[in-house]
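Q: What follows is final-v9.txt; its format and atoms are compact mmCIF, N, CA and C atoms.
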# COMPACT_ATOMS: atom_id res chain seq x y z
N MET A 26 34.39 10.27 21.25
CA MET A 26 33.05 10.53 21.66
C MET A 26 32.73 9.61 22.84
N THR A 27 32.09 10.13 23.87
CA THR A 27 31.76 9.32 25.03
C THR A 27 30.30 8.90 24.96
N ALA A 28 30.01 7.77 25.58
CA ALA A 28 28.63 7.26 25.60
C ALA A 28 27.79 8.12 26.53
N PRO A 29 26.49 8.31 26.22
CA PRO A 29 25.64 9.10 27.10
C PRO A 29 25.48 8.40 28.44
N LEU A 30 25.27 9.20 29.48
CA LEU A 30 25.08 8.65 30.81
C LEU A 30 23.70 8.02 30.90
N PRO A 31 23.56 6.90 31.63
CA PRO A 31 22.25 6.28 31.76
C PRO A 31 21.33 7.13 32.64
N GLU A 32 20.03 6.96 32.46
CA GLU A 32 19.05 7.65 33.29
C GLU A 32 19.25 7.22 34.74
N PRO A 33 18.97 8.11 35.70
CA PRO A 33 19.09 7.72 37.12
C PRO A 33 18.18 6.53 37.41
N GLY A 34 18.70 5.52 38.07
CA GLY A 34 17.94 4.33 38.44
C GLY A 34 17.84 3.29 37.34
N ALA A 35 18.34 3.59 36.14
CA ALA A 35 18.27 2.63 35.03
C ALA A 35 19.30 1.54 35.22
N LYS A 36 18.96 0.33 34.85
CA LYS A 36 19.90 -0.78 34.92
C LYS A 36 20.88 -0.67 33.78
N PRO A 37 22.12 -1.04 33.99
CA PRO A 37 23.07 -1.10 32.88
C PRO A 37 22.57 -2.08 31.82
N ALA A 38 22.96 -1.86 30.58
CA ALA A 38 22.51 -2.71 29.47
C ALA A 38 22.77 -4.18 29.75
N SER A 39 23.86 -4.48 30.43
CA SER A 39 24.19 -5.88 30.71
C SER A 39 23.20 -6.51 31.69
N GLN A 40 22.45 -5.69 32.47
CA GLN A 40 21.50 -6.22 33.44
C GLN A 40 20.05 -6.05 32.98
N ALA A 41 19.81 -5.41 31.86
CA ALA A 41 18.45 -5.19 31.38
C ALA A 41 17.81 -6.52 31.01
N ALA A 42 16.50 -6.61 31.23
CA ALA A 42 15.77 -7.83 30.89
C ALA A 42 15.80 -8.04 29.38
N PRO A 43 16.13 -9.24 28.92
CA PRO A 43 16.19 -9.48 27.48
C PRO A 43 14.78 -9.46 26.88
N GLN A 44 14.69 -9.00 25.62
CA GLN A 44 13.43 -9.00 24.90
C GLN A 44 13.15 -10.44 24.46
N THR A 45 11.98 -10.95 24.77
CA THR A 45 11.62 -12.30 24.36
C THR A 45 10.46 -12.23 23.39
N ALA A 46 10.19 -13.35 22.75
CA ALA A 46 9.07 -13.40 21.82
C ALA A 46 7.77 -13.05 22.54
N ALA A 47 7.63 -13.44 23.79
CA ALA A 47 6.40 -13.18 24.54
C ALA A 47 6.24 -11.69 24.86
N THR A 48 7.34 -10.95 25.01
CA THR A 48 7.23 -9.54 25.36
C THR A 48 7.33 -8.61 24.15
N ALA A 49 7.69 -9.16 22.99
CA ALA A 49 7.79 -8.33 21.78
C ALA A 49 6.40 -7.88 21.37
N LYS A 50 6.29 -6.66 20.81
CA LYS A 50 5.01 -6.14 20.37
C LYS A 50 5.02 -5.94 18.86
N VAL A 51 3.85 -6.12 18.26
CA VAL A 51 3.68 -5.80 16.85
C VAL A 51 3.47 -4.29 16.79
N VAL A 52 4.37 -3.60 16.13
CA VAL A 52 4.25 -2.15 16.01
C VAL A 52 3.37 -1.81 14.81
N MET A 53 3.58 -2.49 13.70
CA MET A 53 2.82 -2.21 12.50
C MET A 53 2.80 -3.47 11.64
N THR A 54 1.70 -3.70 10.99
CA THR A 54 1.58 -4.79 10.03
C THR A 54 1.48 -4.18 8.64
N LYS A 55 2.18 -4.74 7.69
CA LYS A 55 2.07 -4.32 6.30
C LYS A 55 1.18 -5.32 5.57
N VAL A 56 0.06 -4.84 5.12
CA VAL A 56 -0.84 -5.65 4.31
C VAL A 56 -0.53 -5.31 2.86
N PHE A 57 -0.33 -6.33 2.02
CA PHE A 57 0.04 -6.01 0.65
C PHE A 57 -0.64 -6.92 -0.35
N VAL A 58 -0.80 -6.38 -1.54
CA VAL A 58 -1.25 -7.12 -2.72
C VAL A 58 -0.30 -6.72 -3.82
N THR A 59 0.28 -7.69 -4.53
CA THR A 59 1.20 -7.38 -5.62
C THR A 59 0.74 -8.06 -6.90
N GLY A 60 0.99 -7.39 -8.00
CA GLY A 60 0.68 -7.95 -9.30
C GLY A 60 -0.80 -8.06 -9.61
N LEU A 61 -1.60 -7.24 -8.97
CA LEU A 61 -3.05 -7.25 -9.20
C LEU A 61 -3.34 -6.79 -10.63
N LYS A 62 -4.02 -7.60 -11.39
CA LYS A 62 -4.32 -7.27 -12.78
C LYS A 62 -5.71 -6.65 -12.86
N VAL A 63 -5.76 -5.45 -13.44
CA VAL A 63 -7.01 -4.71 -13.57
C VAL A 63 -7.12 -4.23 -15.02
N GLN A 64 -8.29 -4.36 -15.59
CA GLN A 64 -8.56 -3.83 -16.92
C GLN A 64 -9.25 -2.48 -16.74
N ALA A 65 -8.71 -1.43 -17.36
CA ALA A 65 -9.28 -0.09 -17.17
C ALA A 65 -9.20 0.72 -18.45
N GLU A 66 -10.18 1.58 -18.63
CA GLU A 66 -10.10 2.59 -19.70
C GLU A 66 -9.27 3.72 -19.12
N ILE A 67 -8.03 3.83 -19.62
CA ILE A 67 -7.11 4.79 -19.02
C ILE A 67 -6.18 5.34 -20.10
N GLY A 68 -5.87 6.61 -19.99
CA GLY A 68 -4.92 7.23 -20.90
C GLY A 68 -5.43 8.55 -21.44
N VAL A 69 -4.49 9.38 -21.88
CA VAL A 69 -4.84 10.71 -22.39
C VAL A 69 -4.70 10.82 -23.91
N TYR A 70 -4.05 9.84 -24.52
CA TYR A 70 -3.83 9.91 -25.96
C TYR A 70 -5.07 9.43 -26.71
N LYS A 71 -5.23 9.94 -27.92
CA LYS A 71 -6.39 9.63 -28.75
C LYS A 71 -6.58 8.12 -28.90
N HIS A 72 -5.48 7.39 -29.12
CA HIS A 72 -5.59 5.94 -29.31
C HIS A 72 -5.96 5.19 -28.02
N GLU A 73 -5.94 5.87 -26.87
CA GLU A 73 -6.29 5.23 -25.60
C GLU A 73 -7.75 5.48 -25.19
N ILE A 74 -8.38 6.46 -25.79
CA ILE A 74 -9.76 6.81 -25.44
C ILE A 74 -10.70 5.72 -25.93
N GLY A 75 -11.58 5.26 -25.03
CA GLY A 75 -12.54 4.23 -25.39
C GLY A 75 -11.95 2.84 -25.49
N ARG A 76 -10.74 2.66 -25.00
CA ARG A 76 -10.04 1.38 -25.11
C ARG A 76 -9.64 0.89 -23.71
N VAL A 77 -9.89 -0.34 -23.44
CA VAL A 77 -9.50 -0.95 -22.17
C VAL A 77 -8.05 -1.40 -22.27
N GLN A 78 -7.28 -1.11 -21.22
CA GLN A 78 -5.87 -1.50 -21.16
C GLN A 78 -5.60 -2.22 -19.84
N PRO A 79 -4.60 -3.09 -19.84
CA PRO A 79 -4.25 -3.74 -18.57
C PRO A 79 -3.43 -2.81 -17.68
N LEU A 80 -3.68 -2.91 -16.40
CA LEU A 80 -2.85 -2.28 -15.39
C LEU A 80 -2.36 -3.37 -14.45
N VAL A 81 -1.18 -3.18 -13.90
CA VAL A 81 -0.66 -4.06 -12.86
C VAL A 81 -0.47 -3.18 -11.63
N VAL A 82 -1.13 -3.57 -10.54
CA VAL A 82 -1.20 -2.72 -9.36
C VAL A 82 -0.57 -3.43 -8.17
N ASP A 83 0.25 -2.70 -7.43
CA ASP A 83 0.80 -3.16 -6.15
C ASP A 83 0.31 -2.19 -5.08
N VAL A 84 -0.13 -2.73 -3.96
CA VAL A 84 -0.60 -1.90 -2.84
C VAL A 84 0.06 -2.41 -1.57
N GLU A 85 0.51 -1.48 -0.75
CA GLU A 85 1.06 -1.81 0.56
C GLU A 85 0.45 -0.86 1.57
N LEU A 86 -0.16 -1.41 2.62
CA LEU A 86 -0.83 -0.60 3.63
C LEU A 86 -0.22 -0.87 4.99
N ASP A 87 -0.03 0.19 5.78
CA ASP A 87 0.37 0.04 7.17
C ASP A 87 -0.89 0.03 8.01
N VAL A 88 -1.03 -1.05 8.80
CA VAL A 88 -2.21 -1.23 9.63
C VAL A 88 -1.77 -1.79 10.98
N PRO A 89 -2.05 -1.09 12.08
CA PRO A 89 -1.71 -1.65 13.38
C PRO A 89 -2.68 -2.78 13.74
N THR A 90 -2.21 -4.01 13.72
CA THR A 90 -3.08 -5.16 13.98
C THR A 90 -2.49 -6.08 15.04
N ALA A 91 -1.96 -5.51 16.10
CA ALA A 91 -1.37 -6.32 17.16
C ALA A 91 -2.41 -7.27 17.74
N GLY A 92 -2.01 -8.50 17.94
CA GLY A 92 -2.88 -9.49 18.57
C GLY A 92 -4.00 -10.00 17.69
N ALA A 93 -3.89 -9.83 16.40
CA ALA A 93 -4.96 -10.28 15.49
C ALA A 93 -5.07 -11.80 15.53
N GLU A 94 -6.26 -12.27 15.78
CA GLU A 94 -6.54 -13.70 15.80
C GLU A 94 -7.65 -14.07 14.83
N ARG A 95 -8.46 -13.06 14.42
CA ARG A 95 -9.60 -13.32 13.55
C ARG A 95 -9.52 -12.37 12.35
N LEU A 96 -10.18 -12.76 11.26
CA LEU A 96 -10.20 -11.92 10.06
C LEU A 96 -10.73 -10.53 10.38
N ALA A 97 -11.71 -10.44 11.26
CA ALA A 97 -12.29 -9.14 11.63
C ALA A 97 -11.27 -8.22 12.30
N ASP A 98 -10.20 -8.79 12.85
CA ASP A 98 -9.16 -8.00 13.51
C ASP A 98 -8.15 -7.42 12.53
N THR A 99 -8.25 -7.82 11.28
CA THR A 99 -7.26 -7.43 10.27
C THR A 99 -7.94 -6.66 9.15
N LEU A 100 -7.13 -6.22 8.22
CA LEU A 100 -7.67 -5.64 7.00
C LEU A 100 -7.70 -6.75 5.96
N ASN A 101 -8.87 -7.06 5.46
CA ASN A 101 -9.02 -8.11 4.47
C ASN A 101 -8.51 -7.60 3.12
N TYR A 102 -7.46 -8.20 2.60
CA TYR A 102 -6.87 -7.69 1.36
C TYR A 102 -7.76 -7.86 0.14
N GLU A 103 -8.84 -8.61 0.26
CA GLU A 103 -9.80 -8.69 -0.85
C GLU A 103 -10.47 -7.34 -1.10
N THR A 104 -10.52 -6.49 -0.06
CA THR A 104 -11.11 -5.16 -0.23
C THR A 104 -10.27 -4.31 -1.18
N ILE A 105 -8.97 -4.57 -1.25
CA ILE A 105 -8.10 -3.84 -2.18
C ILE A 105 -8.49 -4.20 -3.62
N LEU A 106 -8.68 -5.48 -3.87
CA LEU A 106 -9.11 -5.95 -5.20
C LEU A 106 -10.45 -5.33 -5.57
N GLN A 107 -11.39 -5.36 -4.65
CA GLN A 107 -12.72 -4.81 -4.91
C GLN A 107 -12.65 -3.31 -5.22
N SER A 108 -11.84 -2.58 -4.47
CA SER A 108 -11.71 -1.14 -4.69
C SER A 108 -11.09 -0.84 -6.06
N ALA A 109 -10.05 -1.58 -6.43
CA ALA A 109 -9.39 -1.36 -7.72
C ALA A 109 -10.37 -1.62 -8.86
N ARG A 110 -11.12 -2.68 -8.76
CA ARG A 110 -12.10 -3.00 -9.82
C ARG A 110 -13.21 -1.95 -9.87
N ALA A 111 -13.65 -1.47 -8.72
CA ALA A 111 -14.71 -0.46 -8.68
C ALA A 111 -14.24 0.84 -9.31
N ILE A 112 -13.00 1.23 -9.06
CA ILE A 112 -12.45 2.46 -9.65
C ILE A 112 -12.38 2.31 -11.17
N ALA A 113 -11.93 1.17 -11.65
CA ALA A 113 -11.85 0.92 -13.09
C ALA A 113 -13.24 0.94 -13.72
N ALA A 114 -14.24 0.45 -13.00
CA ALA A 114 -15.60 0.37 -13.53
C ALA A 114 -16.28 1.74 -13.61
N GLU A 115 -15.73 2.75 -12.95
CA GLU A 115 -16.33 4.08 -12.96
C GLU A 115 -16.24 4.76 -14.32
N GLY A 116 -15.38 4.26 -15.19
CA GLY A 116 -15.25 4.85 -16.52
C GLY A 116 -13.85 5.35 -16.78
N HIS A 117 -13.71 6.07 -17.88
CA HIS A 117 -12.39 6.51 -18.34
C HIS A 117 -11.67 7.37 -17.30
N ILE A 118 -10.38 7.07 -17.13
CA ILE A 118 -9.49 7.82 -16.25
C ILE A 118 -8.33 8.29 -17.11
N GLY A 119 -7.98 9.56 -17.00
CA GLY A 119 -6.93 10.09 -17.84
C GLY A 119 -5.54 9.61 -17.46
N LEU A 120 -5.22 9.64 -16.19
CA LEU A 120 -3.84 9.41 -15.75
C LEU A 120 -3.72 8.24 -14.78
N VAL A 121 -2.60 7.52 -14.84
CA VAL A 121 -2.35 6.47 -13.84
C VAL A 121 -2.21 7.09 -12.46
N GLU A 122 -1.73 8.34 -12.40
CA GLU A 122 -1.63 9.03 -11.10
C GLU A 122 -3.00 9.16 -10.45
N THR A 123 -4.01 9.45 -11.27
CA THR A 123 -5.38 9.58 -10.76
C THR A 123 -5.88 8.24 -10.23
N PHE A 124 -5.65 7.18 -11.00
CA PHE A 124 -6.06 5.84 -10.56
C PHE A 124 -5.37 5.50 -9.24
N ALA A 125 -4.07 5.75 -9.15
CA ALA A 125 -3.31 5.41 -7.95
C ALA A 125 -3.83 6.18 -6.73
N GLU A 126 -4.08 7.46 -6.90
CA GLU A 126 -4.56 8.26 -5.77
C GLU A 126 -5.96 7.83 -5.34
N ARG A 127 -6.83 7.56 -6.30
CA ARG A 127 -8.18 7.09 -5.94
C ARG A 127 -8.13 5.78 -5.16
N LEU A 128 -7.25 4.88 -5.59
CA LEU A 128 -7.13 3.61 -4.89
C LEU A 128 -6.56 3.81 -3.49
N ALA A 129 -5.54 4.64 -3.37
CA ALA A 129 -4.97 4.91 -2.05
C ALA A 129 -6.02 5.50 -1.12
N ARG A 130 -6.79 6.46 -1.62
CA ARG A 130 -7.84 7.07 -0.80
C ARG A 130 -8.93 6.06 -0.44
N ALA A 131 -9.25 5.16 -1.35
CA ALA A 131 -10.23 4.11 -1.05
C ALA A 131 -9.74 3.22 0.09
N CYS A 132 -8.44 2.99 0.15
CA CYS A 132 -7.87 2.17 1.22
C CYS A 132 -8.02 2.86 2.58
N PHE A 133 -8.06 4.18 2.58
CA PHE A 133 -8.21 4.94 3.83
C PHE A 133 -9.64 4.91 4.36
N THR A 134 -10.57 4.28 3.65
CA THR A 134 -11.90 4.15 4.22
C THR A 134 -11.88 3.25 5.45
N ASP A 135 -10.86 2.40 5.56
CA ASP A 135 -10.64 1.65 6.80
C ASP A 135 -9.84 2.55 7.73
N PRO A 136 -10.41 2.95 8.85
CA PRO A 136 -9.74 3.93 9.73
C PRO A 136 -8.44 3.44 10.33
N ARG A 137 -8.17 2.14 10.26
CA ARG A 137 -6.92 1.62 10.81
C ARG A 137 -5.73 1.84 9.91
N VAL A 138 -5.97 2.10 8.62
CA VAL A 138 -4.87 2.30 7.68
C VAL A 138 -4.20 3.64 7.99
N THR A 139 -2.88 3.60 8.21
CA THR A 139 -2.14 4.83 8.50
C THR A 139 -1.29 5.31 7.33
N ARG A 140 -0.97 4.38 6.41
CA ARG A 140 -0.17 4.73 5.23
C ARG A 140 -0.57 3.81 4.10
N ALA A 141 -0.67 4.38 2.90
CA ALA A 141 -0.98 3.58 1.71
C ALA A 141 0.04 3.91 0.62
N ARG A 142 0.69 2.86 0.10
CA ARG A 142 1.60 3.02 -1.03
C ARG A 142 0.98 2.25 -2.19
N VAL A 143 0.75 2.95 -3.29
CA VAL A 143 0.12 2.33 -4.46
C VAL A 143 1.01 2.55 -5.67
N ARG A 144 1.28 1.47 -6.37
CA ARG A 144 2.09 1.51 -7.59
C ARG A 144 1.20 0.99 -8.73
N VAL A 145 1.10 1.79 -9.78
CA VAL A 145 0.28 1.40 -10.93
C VAL A 145 1.17 1.39 -12.17
N GLU A 146 1.18 0.27 -12.85
CA GLU A 146 2.00 0.11 -14.04
C GLU A 146 1.11 -0.15 -15.24
N LYS A 147 1.43 0.53 -16.36
CA LYS A 147 0.77 0.27 -17.64
C LYS A 147 1.75 -0.53 -18.49
N PRO A 148 1.56 -1.84 -18.58
CA PRO A 148 2.51 -2.67 -19.32
C PRO A 148 2.63 -2.33 -20.80
N LEU A 149 1.58 -1.78 -21.39
CA LEU A 149 1.62 -1.50 -22.83
C LEU A 149 2.03 -0.06 -23.15
N ALA A 150 2.28 0.76 -22.14
CA ALA A 150 2.53 2.19 -22.35
C ALA A 150 3.70 2.46 -23.30
N LEU A 151 4.79 1.74 -23.14
CA LEU A 151 5.97 1.96 -23.97
C LEU A 151 6.38 0.70 -24.73
N ALA A 152 5.45 -0.23 -24.85
CA ALA A 152 5.75 -1.49 -25.54
C ALA A 152 6.05 -1.21 -27.01
N PRO A 153 6.96 -1.89 -27.60
CA PRO A 153 7.77 -2.99 -27.08
C PRO A 153 9.10 -2.54 -26.48
N ASP A 154 9.28 -1.23 -26.32
CA ASP A 154 10.57 -0.72 -25.87
C ASP A 154 10.81 -0.85 -24.36
N ALA A 155 9.74 -1.01 -23.58
CA ALA A 155 9.88 -1.17 -22.14
C ALA A 155 8.83 -2.15 -21.65
N VAL A 156 9.13 -2.80 -20.56
CA VAL A 156 8.21 -3.77 -19.97
C VAL A 156 7.00 -3.06 -19.38
N GLY A 157 7.19 -1.85 -18.92
CA GLY A 157 6.08 -1.11 -18.35
C GLY A 157 6.52 0.28 -17.94
N ALA A 158 5.53 1.11 -17.66
CA ALA A 158 5.76 2.45 -17.15
C ALA A 158 4.61 2.75 -16.21
N GLY A 159 4.84 3.61 -15.24
CA GLY A 159 3.77 3.91 -14.32
C GLY A 159 4.17 4.89 -13.25
N VAL A 160 3.51 4.78 -12.14
CA VAL A 160 3.69 5.72 -11.05
C VAL A 160 3.52 4.99 -9.71
N GLU A 161 4.17 5.52 -8.70
CA GLU A 161 3.99 5.04 -7.34
C GLU A 161 3.75 6.23 -6.45
N ILE A 162 2.68 6.17 -5.65
CA ILE A 162 2.39 7.27 -4.72
C ILE A 162 2.27 6.70 -3.32
N THR A 163 2.49 7.57 -2.34
CA THR A 163 2.31 7.21 -0.95
C THR A 163 1.45 8.28 -0.29
N LEU A 164 0.39 7.86 0.36
CA LEU A 164 -0.45 8.76 1.15
C LEU A 164 -0.31 8.37 2.61
N VAL A 165 -0.24 9.36 3.48
CA VAL A 165 -0.13 9.13 4.92
C VAL A 165 -1.30 9.82 5.60
N ARG A 166 -1.97 9.08 6.48
CA ARG A 166 -3.09 9.66 7.22
C ARG A 166 -2.55 10.76 8.14
N GLY A 167 -3.28 11.82 8.19
CA GLY A 167 -2.83 12.86 9.10
C GLY A 167 -3.26 14.17 8.66
Take the structure I supplied and represent it as structure tokens, if you would.

A:
Amino acid sequence: MTAPLPEPGAKPASQAAPQTAATAKVVMTKVFVTGLKVQAEIGVYKHEIGRVQPLVVDVELDVPTAGAERLADTLNYETILQSARAIAAEGHIGLVETFAERLARACFTDPRVTRARVRVEKPLALAPDAVGAGVEITLVRG
């Protein structure tokens, strides 16, 4: 296989200007919260109705924040905690999938968020046979 021909007027790779820290650009920032503990009324089984259970939530958001110098230039990850608690406070939720999607959609209230990955684990779901069970969803703006 032969290498593709360079564009007309392009410098050979050996003569191209090297990428330096000063010329590098931030393409995307991942804002994350892991191991967030939330108490929620969640579940579809009779023994889960009217009962608060622990959830462990991980959230990862893609946010373009090139040149951020101030908190206002970034996504404050405390808003993720506030959103998770607000969703839990709304009352009984049947499925962890529903909780995860609501939280992901809440993260999209910040217009800079382009992708949200939310993982929700119910540590007691299969206890004592498993450490946890849950779901992970990804929403992409578009």

Q: With only C-alpha atoms as the basis for distance, which of A:Ile74, A:Leu86, A:Val56, A:Leu61 is at the shortest distance from Arg140 (chain A)?

A: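 The shortest atom-to-atom distance to Arg140 (chain A) comes from A:Leu86.
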
Q: Could you tell me, as a PyMOL selection string, which residues of chain A DSSP assigns to alpha helix (DSSP H) when given the backbone?

A: chain A and resi 103-114+121-132

Q: Here is a test: counting only N, CA and C atoms, which residue of A:Ala97, A:Val58, A:Leu149, A:Val69 is nearest to Ile118 (chain A)?

A: A:Val69

Q: Just give me the gap between CA of Lys50 (chain A) and CA of Asp87 (chain A) in Å, one decimal is fine.

A: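 Computed distance, CA of Lys50 (chain A) to CA of Asp87 (chain A), equals 15.3 Å.
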
Q: Check the smallest atom-to-atom distance from each of A:Leu151, A:Ala91, A:Val138, A:Ile105 to Arg166 (chain A) using only N, CA and C atoms, then report the winner.

A: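 The shortest atom-to-atom distance to Arg166 (chain A) comes from A:Val138.
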
Q: With only N, CA and C atoms as the counted atoms, please give the residues lying no more than 6.5 Å from region 113-115 of chain A, apart from itself and same-chain residues fewer than 6 positions off, as a PyMOL selection string.

A: chain A and resi 64-66

Q: Taking the backbone alone, and naming residues the way the document does, which bits of chain A are strand (DSSP E or B) by DSSP, as number ranges by chain?

A: A: 54-67, 77-88, 118, 140-147, 158-165

Q: I'd like the contact shell of Ser108 (chain A) - 7 Å cut-off, all atoms listed in the file, skipping same-chain residues fewer than 4 positions apart - returned as an NGL selection string.

A: :A and (103-104 or 112-113 or 128 or 131)

Q: Please report the interatomic distance between CA of His72 (chain A) and CA of Pro148 (chain A) in Å with one decimal.

A: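 That distance, rounded to one decimal, is 15.5 Å.
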
Q: Name the residues in contact with Ala158 (chain A) at a cut-off of 12 Å, using only C-alpha atoms, excluding same-chain residues fewer than 3 positions from it; report them as JSON, numbers by chain.

A: {"A": [79, 80, 81, 82, 120, 121, 122, 144, 145, 146, 147, 148, 149, 150, 151, 152, 153, 154, 155, 161]}

Q: Find the residue from A:Phe57, A:Asp98, A:Ala109, A:Tyr70 that sits nearest to Arg127 (chain A); use only N, CA and C atoms when measuring.

A: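 Among the listed residues, A:Ala109 lies closest to Arg127 (chain A).
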
Q: Go through A:Glu94, A:Gly68, A:Thr48, A:Thr54 one by one, measure the shortest atom-to-atom distance of each to His117 (chain A) using all atoms listed in the file, and give the residue with the smallest value.

A: A:Gly68

Q: What separation in Å, quoted to one decimal, exists between atom C of Glu73 (chain A) and atom N of Glu126 (chain A)?

A: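 Atom-to-atom, atom C of Glu73 (chain A) and atom N of Glu126 (chain A) are spaced 18.8 Å apart.
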
Q: My list of candidates is A:Leu106, A:Val88, A:Ala111, A:Ile162. Which is closest to Pro136 (chain A) when distances are computed with only C-alpha atoms?

A: A:Val88

Q: Which neighbours of Arg137 (chain A) fall inside 9 Å, counting only C-alpha atoms, when residues of the same chain fewer than 3 positions from it are skipped, and could you give them as a PyMOL selection string?

A: chain A and resi 87-90+100+133-134
